[in-house]
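Student: Pasting upload.txt below, which is compact mmCIF, C-alpha atoms.
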```txt
# COMPACT_ATOMS: atom_id res chain seq x y z
CA GLY K 296 -20.39 17.25 19.48
CA PHE K 297 -17.93 14.68 20.86
CA PHE K 298 -16.69 16.72 23.84
CA SER K 299 -18.20 18.06 27.08
CA GLU K 300 -18.62 21.81 27.51
CA PRO K 301 -15.72 22.04 30.03
CA GLU K 302 -13.43 20.09 27.68
CA LEU K 303 -14.41 22.31 24.75
CA ALA K 304 -13.73 25.44 26.79
CA TYR K 305 -10.33 24.11 27.90
CA ARG K 306 -9.31 23.19 24.35
CA ASP K 307 -10.46 26.52 22.92
CA LYS K 308 -8.46 28.37 25.56
CA MET K 309 -5.37 26.20 25.06
CA PHE K 310 -5.40 26.46 21.25
CA GLY K 311 -6.05 30.18 21.43
CA PHE K 312 -3.06 30.64 23.74
CA LEU K 313 -0.74 28.48 21.61
CA THR K 314 -1.86 30.18 18.42
CA GLY K 315 -1.27 33.58 19.95
CA ILE K 316 2.30 32.97 21.14
CA SER K 317 3.67 30.75 18.33
CA ASP K 318 5.98 32.07 15.61
CA ALA K 319 4.76 29.37 13.21
CA ILE K 320 1.83 26.94 13.26
CA VAL K 321 2.25 23.60 11.52
CA CYS K 322 -0.91 22.22 9.91
CA SER K 323 -1.01 18.61 8.73
CA SER K 324 -3.39 19.42 5.85
CA GLN K 325 -4.98 22.27 3.94
CA ALA K 326 -8.24 21.36 5.68
CA VAL K 327 -6.60 22.01 9.05
CA GLU K 328 -5.05 25.27 7.84
CA SER K 329 -8.49 26.40 6.68
CA ASP K 330 -9.93 25.61 10.11
CA LEU K 331 -7.07 27.52 11.70
CA GLN K 332 -7.92 30.62 9.69
CA ARG K 333 -11.62 30.19 10.39
CA PHE K 334 -11.44 29.75 14.15
CA TYR K 335 -8.19 31.59 14.96
CA PRO K 336 -7.80 34.43 12.44
CA ILE K 337 -5.19 35.89 14.80
CA ALA K 338 -2.85 33.29 13.27
CA GLY K 339 -2.60 35.42 10.14
CA GLU K 340 0.04 34.06 7.80
CA ARG K 341 1.89 32.07 10.46
CA GLY K 342 0.15 28.80 9.55
CA PHE K 343 1.66 26.50 6.94
CA VAL K 344 0.87 23.03 5.66
CA LEU K 345 3.31 20.17 6.25
CA ARG K 346 1.79 16.87 5.17
CA PHE K 347 3.38 13.60 6.25
CA THR K 348 3.67 10.24 4.57
CA ALA K 349 4.29 6.74 5.92
CA GLU K 350 6.93 4.15 5.16
CA PRO K 351 6.67 0.55 6.40
CA PRO K 352 9.76 -0.68 8.25
CA GLU K 353 11.87 -3.38 6.62
CA SER K 354 10.93 -5.76 9.44
CA ALA K 355 7.27 -5.43 8.45
CA LEU K 356 8.02 -6.17 4.81
CA ARG K 357 9.98 -9.26 5.82
CA GLY K 358 7.17 -10.38 8.14
CA SER K 359 4.93 -13.36 7.51
CA ILE K 360 1.41 -12.32 6.57
CA ARG K 361 0.29 -15.93 6.73
CA GLU K 362 1.57 -16.40 10.29
CA THR K 363 -0.33 -13.33 11.51
CA LEU K 364 -3.54 -14.33 9.73
CA GLN K 365 -3.34 -17.87 11.08
CA ARG K 366 -2.80 -16.63 14.62
CA PHE K 367 -5.90 -14.43 14.38
CA GLU K 368 -7.79 -17.25 12.63
CA LEU K 369 -8.47 -15.16 9.51
CA ASP K 370 -8.98 -17.67 6.72
CA GLN K 371 -10.87 -15.67 4.08
CA PRO K 372 -10.55 -12.30 2.28
CA TYR K 373 -11.27 -9.36 4.58
CA ALA K 374 -11.63 -5.61 4.75
CA TYR K 375 -9.54 -3.89 7.43
CA LEU K 376 -10.75 -1.12 9.74
CA PRO K 377 -7.67 -0.09 11.80
CA TYR K 378 -8.97 2.63 14.16
CA GLN K 379 -9.50 3.30 17.82
CA PHE K 380 -13.12 2.79 18.81
CA TRP K 381 -13.79 6.50 19.24
CA ALA K 382 -17.15 8.02 18.32
CA HIS K 383 -15.87 10.20 15.48
CA LYS K 384 -14.21 7.23 13.78
CA ASN K 385 -17.70 6.23 12.63
CA HIS K 386 -17.60 2.46 13.18
CA GLN K 387 -21.37 2.41 13.46
CA GLN K 388 -21.89 3.28 9.81
CA VAL K 389 -19.56 0.51 8.71
CA PHE K 390 -21.34 -2.01 10.94
CA GLU K 391 -24.70 -0.88 9.56
CA ALA K 392 -23.35 -1.31 6.04
CA TRP K 393 -22.10 -4.79 6.95
CA SER K 394 -25.57 -5.67 8.23
CA LEU K 395 -27.07 -4.49 4.95
CA LEU K 396 -24.55 -6.53 2.98
CA LYS K 397 -25.36 -9.60 5.06
CA SER K 398 -29.07 -9.14 4.31
CA ARG K 399 -28.09 -9.30 0.63
CA GLY K 400 -26.33 -12.62 1.20
CA LYS K 401 -22.83 -11.07 1.21
CA ASN K 402 -21.03 -12.55 4.18
CA PHE K 403 -17.85 -10.48 3.78
CA LEU K 404 -15.34 -10.51 6.62
CA LEU K 405 -14.50 -7.25 8.42
CA VAL K 406 -11.46 -7.08 10.73
CA CYS K 407 -11.18 -4.25 13.27
CA SER K 408 -8.28 -3.37 15.54
CA GLY K 409 -7.65 -0.52 17.97
CA ALA K 410 -8.27 0.64 21.53
CA THR K 411 -11.80 -0.08 22.73
CA ASN K 412 -12.13 2.79 25.21
CA ASP K 413 -13.30 6.34 24.45
CA ALA K 414 -12.83 8.59 27.48
CA ARG K 415 -15.38 11.05 26.08
CA ASP K 416 -18.06 8.34 25.85
CA PRO K 417 -17.26 5.29 28.02
CA GLN K 418 -20.33 3.38 26.77
CA HIS K 419 -19.54 3.84 23.08
CA PHE K 420 -17.80 0.49 22.58
CA GLU K 421 -20.47 -1.33 24.57
CA ARG K 422 -23.14 0.05 22.24
CA LEU K 423 -21.15 -1.08 19.22
CA GLN K 424 -20.79 -4.57 20.69
CA ALA K 425 -24.52 -4.69 21.38
CA MET K 426 -25.16 -3.67 17.80
CA LEU K 427 -22.95 -6.45 16.44
CA LYS K 428 -24.81 -8.95 18.62
CA SER K 429 -28.31 -7.71 17.75
CA HIS K 430 -27.49 -7.80 14.02
CA ASP K 431 -25.79 -11.21 14.39
CA LEU K 432 -22.67 -9.87 12.69
CA THR K 433 -20.42 -12.83 13.38
CA ASN K 434 -18.46 -11.86 10.26
CA VAL K 435 -17.09 -8.77 12.06
CA ARG K 436 -13.95 -9.56 14.06
CA VAL K 437 -12.85 -7.12 16.77
CA LEU K 438 -9.21 -7.72 17.73
CA GLY K 439 -8.69 -4.75 20.07
CA MET K 440 -5.15 -3.48 20.53
CA ILE K 441 -2.61 -5.53 18.60
CA ASP K 442 1.14 -5.54 18.09
CA ARG K 443 2.37 -2.96 15.58
CA HIS K 444 4.11 -5.64 13.52
CA ASP K 445 0.86 -7.60 13.28
CA GLN K 446 -0.95 -4.45 12.19
CA TRP K 447 1.39 -4.05 9.22
CA GLN K 448 0.70 -7.66 8.23
CA LEU K 449 -3.06 -7.08 8.47
CA TYR K 450 -2.67 -4.09 6.15
CA ARG K 451 -0.67 -6.19 3.70
CA GLY K 452 -3.11 -9.08 3.74
CA ALA K 453 -6.29 -7.01 3.46
CA LYS K 454 -8.50 -6.88 0.41
CA MET K 455 -9.23 -3.21 1.15
CA VAL K 456 -8.81 -0.66 3.93
CA LEU K 457 -11.75 1.43 5.15
CA GLN K 458 -11.56 4.99 6.51
CA PRO K 459 -15.08 6.13 7.51
CA SER K 460 -14.06 8.89 9.94
CA LEU K 461 -16.18 12.01 10.41
CA PHE K 462 -13.13 14.18 11.06
CA GLU K 463 -9.36 13.85 10.65
CA GLY K 464 -6.34 16.11 10.52
CA TRP K 465 -4.39 13.86 8.12
CA SER K 466 -5.12 10.17 8.37
CA THR K 467 -2.11 8.05 9.30
CA SER K 468 -3.93 4.86 8.33
CA VAL K 469 -4.57 6.21 4.83
CA GLU K 470 -0.87 6.98 4.42
CA GLU K 471 0.08 3.53 5.69
CA ALA K 472 -2.36 1.86 3.31
CA LYS K 473 -1.06 3.98 0.41
CA SER K 474 2.53 3.05 1.27
CA LEU K 475 1.63 -0.61 0.63
CA GLY K 476 -0.50 -0.03 -2.45
CA LYS K 477 -3.73 -1.06 -0.71
CA PRO K 478 -7.13 0.13 -2.02
CA VAL K 479 -8.78 2.57 0.41
CA LEU K 480 -12.47 3.47 0.67
CA LEU K 481 -12.93 6.80 2.44
CA SER K 482 -15.61 9.05 3.86
CA ASP K 483 -16.05 12.09 1.64
CA ILE K 484 -14.54 14.80 3.83
CA ALA K 485 -12.16 17.54 2.73
CA VAL K 486 -8.98 16.09 4.20
CA HIS K 487 -9.54 12.71 2.54
CA ARG K 488 -9.92 14.47 -0.82
CA GLU K 489 -6.42 15.84 -0.21
CA GLN K 490 -5.01 12.41 0.53
CA ILE K 491 -6.64 10.38 -2.25
CA LEU K 492 -7.13 11.86 -5.71
CA SER K 493 -9.18 9.03 -7.23
CA PRO K 494 -12.94 9.76 -7.13
CA ASP K 495 -13.92 6.07 -7.13
CA GLY K 496 -13.41 5.27 -3.46
CA PHE K 497 -15.47 7.90 -1.64
CA PHE K 498 -18.78 7.58 0.21
CA GLN K 499 -20.88 10.05 2.18
CA PRO K 500 -20.12 9.76 5.92
CA HIS K 501 -23.72 8.86 6.87
CA ASP K 502 -24.83 7.03 3.73
CA ILE K 503 -25.05 3.38 4.78
CA THR K 504 -26.50 2.16 1.49
CA GLY K 505 -23.89 4.07 -0.51
CA LEU K 506 -21.08 2.48 1.50
CA ALA K 507 -22.58 -1.01 1.17
CA ASN K 508 -22.95 -0.54 -2.59
CA LEU K 509 -19.36 0.69 -2.90
CA ILE K 510 -17.97 -2.28 -0.97
CA GLU K 511 -20.08 -4.80 -2.87
CA GLY K 512 -19.14 -3.26 -6.20
CA GLN K 513 -15.41 -3.39 -5.52
CA TRP K 514 -15.21 -6.67 -3.61
CA SER K 515 -15.24 -8.90 -6.69
CA THR K 516 -12.79 -6.74 -8.65
CA LEU K 517 -9.99 -6.45 -6.08
CA PRO K 518 -7.29 -9.03 -5.32
CA ALA K 519 -8.21 -11.43 -2.53
CA GLY K 520 -5.48 -10.20 -0.24
CA HIS K 521 -1.77 -9.51 -0.50
CA ASP K 522 -0.83 -8.02 -3.87
CA PRO K 523 2.99 -8.19 -4.23
CA ILE K 524 3.02 -6.20 -7.46
CA ALA K 525 0.93 -3.30 -6.11
CA GLU K 526 2.98 -3.34 -2.91
CA SER K 527 6.27 -3.23 -4.82
CA LEU K 528 5.11 -0.35 -7.01
CA ALA K 529 3.93 1.64 -3.99
CA LEU K 530 7.22 1.12 -2.17
CA LYS K 531 9.11 2.47 -5.20
CA ALA K 532 6.86 5.52 -5.59
```
Please render this file's structure as structure tokens.
Tutor:
Amino acid sequence: GFFSEPELAYRDKMFGFLTGISDAIVCSSQAVESDLQRFYPIAGERGFVLRFTAEPPESALRGSIRETLQRFELDQPYAYLPYQFWAHKNHQQVFEAWSLLKSRGKNFLLVCSGATNDARDPQHFERLQAMLKSHDLTNVRVLGMIDRHDQWQLYRGAKMVLQPSLFEGWSTSVEEAKSLGKPVLLSDIAVHREQILSPDGFFQPHDITGLANLIEGQWSTLPAGHDPIAESLALKA
């Protein structure tokens, strides 16, 4: 649903060709391997799962969280949404949940970073901006593309990381959050169930009220920001 018919036809042809000629097909998750078997049964037993993890560089761990937060004028606890503004990343649901939270008197801060252009839908980001304006969501900060070092500091300083995507192969942001011991709230899709075993942080991808309730319920129980102990334990894991 996120691609034009010509783009879908091109991708189907390309993946079919690559699947047909490859000796082995690397899948980043069991969910991907299942899709491979479903759509390209010609793959047979040549597909195998090779999941990846993330490890923050030493320079990031030595970095100043405070300096980054001051530069971006972030002076209160925040949730972090670190994704490109592409349609399948599902920003709209999070913004709707933030509007619902605001109507309840919960003025939580949401910080977003990532590219603001989606070649498949050039007006997507404009619609999201219009939504933020119409809902008066001044407590949602859109930073756009940022330096990679700053992104690591935003992870470290966040109260929680959100992953609302409708589809993923194996989420890099989830692995990066896990590597720092950060709490992650995720859309309930198969690949996320592979990445996070705890049942307490999942929400249905289109359930705005469920997401708002989950955020509100966890906001008061989580550390305000950087948690050195959780970070240290995650780095040793």
Student: Taking 5 positions as the minimum chain separation for residues in the same chain, which residues sit within 8 Å of Leu376 (chain K) when counting only C-alpha atoms? Answer as a PyMOL selection string.
Tutor: chain K and resi 405-408+456-458
Student: What is the CA of Met309 (chain K) to CA of Gln490 (chain K) distance in Å?
Tutor: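 Between these atoms lies a distance of 28.1 Å.
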Student: Measure the distance from CA of Lys477 (chain K) to CA of Ser394 (chain K) in Å and round it to one decimal.
Tutor: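 About the pair CA of Lys477 (chain K) and CA of Ser394 (chain K): they are 24.0 Å apart.
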Student: Which distance in Å separates CA of Pro301 (chain K) and CA of Gly464 (chain K), to one decimal?
Tutor: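 A separation of 22.4 Å between them.
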Student: Excluding same-chain residues fewer than 6 positions from Ile491 (chain K), what lies within 12 Å of it counting all atoms listed in the file, as a PyMOL selection string?
Tutor: chain K and resi 458+465-466+469-470+472-473+477-485+497
Student: Can you pull out every residue within 6 Å of Lys454 (chain K), counting only C-alpha atoms, but drop anything in the same chain fewer than 6 positions away, and send it as a list in words?
Tutor: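 My list of contacting residues is Tyr373, Ala374, Ala519 and Gly520 of chain K.
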Student: Please work out which residues fall within 7 Å of (-23.7, 1.6, 4.0), coordinates as given in the file, with all atoms listed in the file counting, and return them as a PyMOL selection string.
Tutor: chain K and resi 388-389+391-392+502-508
Student: Calculated over only C-alpha atoms, which of the candidates K:Arg346, K:Pro459, K:Leu449, K:Ala338 has the smallest distance to Phe312 (chain K)?
Tutor: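 Using only C-alpha atoms, Phe312 (chain K) sits closest to K:Ala338.
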Student: Using only C-alpha atoms, which of K:Ser317, K:Ala453, K:Asn402, K:Lys428 sits nearest Leu517 (chain K)?
Tutor: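 Ranked by minimum distance to Leu517 (chain K), first place goes to K:Ala453.
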Student: For region 509-512 of chain K, what centre and edge lengths in Å (one decimal) does the axis-aligned box get once 5 Å is added on each side of all its listed atoms, as AutoDock Vina command-line options?
Tutor:
```
--center_x -19.0 --center_y -2.1 --center_z -3.6 --size_x 12.1 --size_y 15.5 --size_z 15.2
```
Student: Against region 350-359 of chain K, which residues of region 459-519 of chain K fall within 8 Å? For each one I want the closest pair of atoms and the distance in Å (one decimal), counting only C-alpha atoms, rows by chain and increasing residue number, as a tab-separated table.
Tutor:
```
residue	atom	partner	partner_atom	distance
K:Glu471	CA	K:Glu350	CA	6.9
K:Ser474	CA	K:Glu350	CA	6.0
K:Leu475	CA	K:Pro351	CA	7.7
```
Student: Pick from K:Ala382, K:Pro518, K:Pro336, K:Met455: nearest to Glu421 (chain K), with only C-alpha atoms counted?
Tutor: K:Ala382
Student: I want to know what sits within 9 Å of Lys384 (chain K), based on only C-alpha atoms, with residues of the same chain fewer than 3 positions away left out; could you give that as a PDB file with C-alpha atoms, in the frame of the given file?
Tutor:
```
ATOM      1  CA  TYR K 378      -8.970   2.630  14.160  1.00  0.00           C
ATOM      2  CA  GLN K 379      -9.500   3.300  17.820  1.00  0.00           C
ATOM      3  CA  PHE K 380     -13.120   2.790  18.810  1.00  0.00           C
ATOM      4  CA  TRP K 381     -13.790   6.500  19.240  1.00  0.00           C
ATOM      5  CA  GLN K 387     -21.370   2.410  13.460  1.00  0.00           C
ATOM      6  CA  GLN K 458     -11.560   4.990   6.510  1.00  0.00           C
ATOM      7  CA  PRO K 459     -15.080   6.130   7.510  1.00  0.00           C
ATOM      8  CA  SER K 460     -14.060   8.890   9.940  1.00  0.00           C
ATOM      9  CA  LEU K 461     -16.180  12.010  10.410  1.00  0.00           C
ATOM     10  CA  PHE K 462     -13.130  14.180  11.060  1.00  0.00           C
ATOM     11  CA  GLU K 463      -9.360  13.850  10.650  1.00  0.00           C
TER      12      GLU K 463
END
```
Student: Could you check the closest approach to Ile320 (chain K) for each of K:Arg341, K:His430, K:His386, K:Lys308 and tell me which residue wins, using only C-alpha atoms?
Tutor: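 Of all the options, K:Arg341 lies closest to Ile320 (chain K).
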Student: Taking into account all atoms listed in the file, which residue in the set K:Phe334, K:Tyr375, K:Phe420, K:Phe390 is nearest to Tyr450 (chain K)?
Tutor: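 Looking only at the distances to Tyr450 (chain K), the closest residue turns out to be K:Tyr375.
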Student: Could you tell me which of K:His487, K:Lys401, K:Arg361, K:His383 comes closest to Gln448 (chain K) if we count all atoms listed in the file?
Tutor: K:Arg361
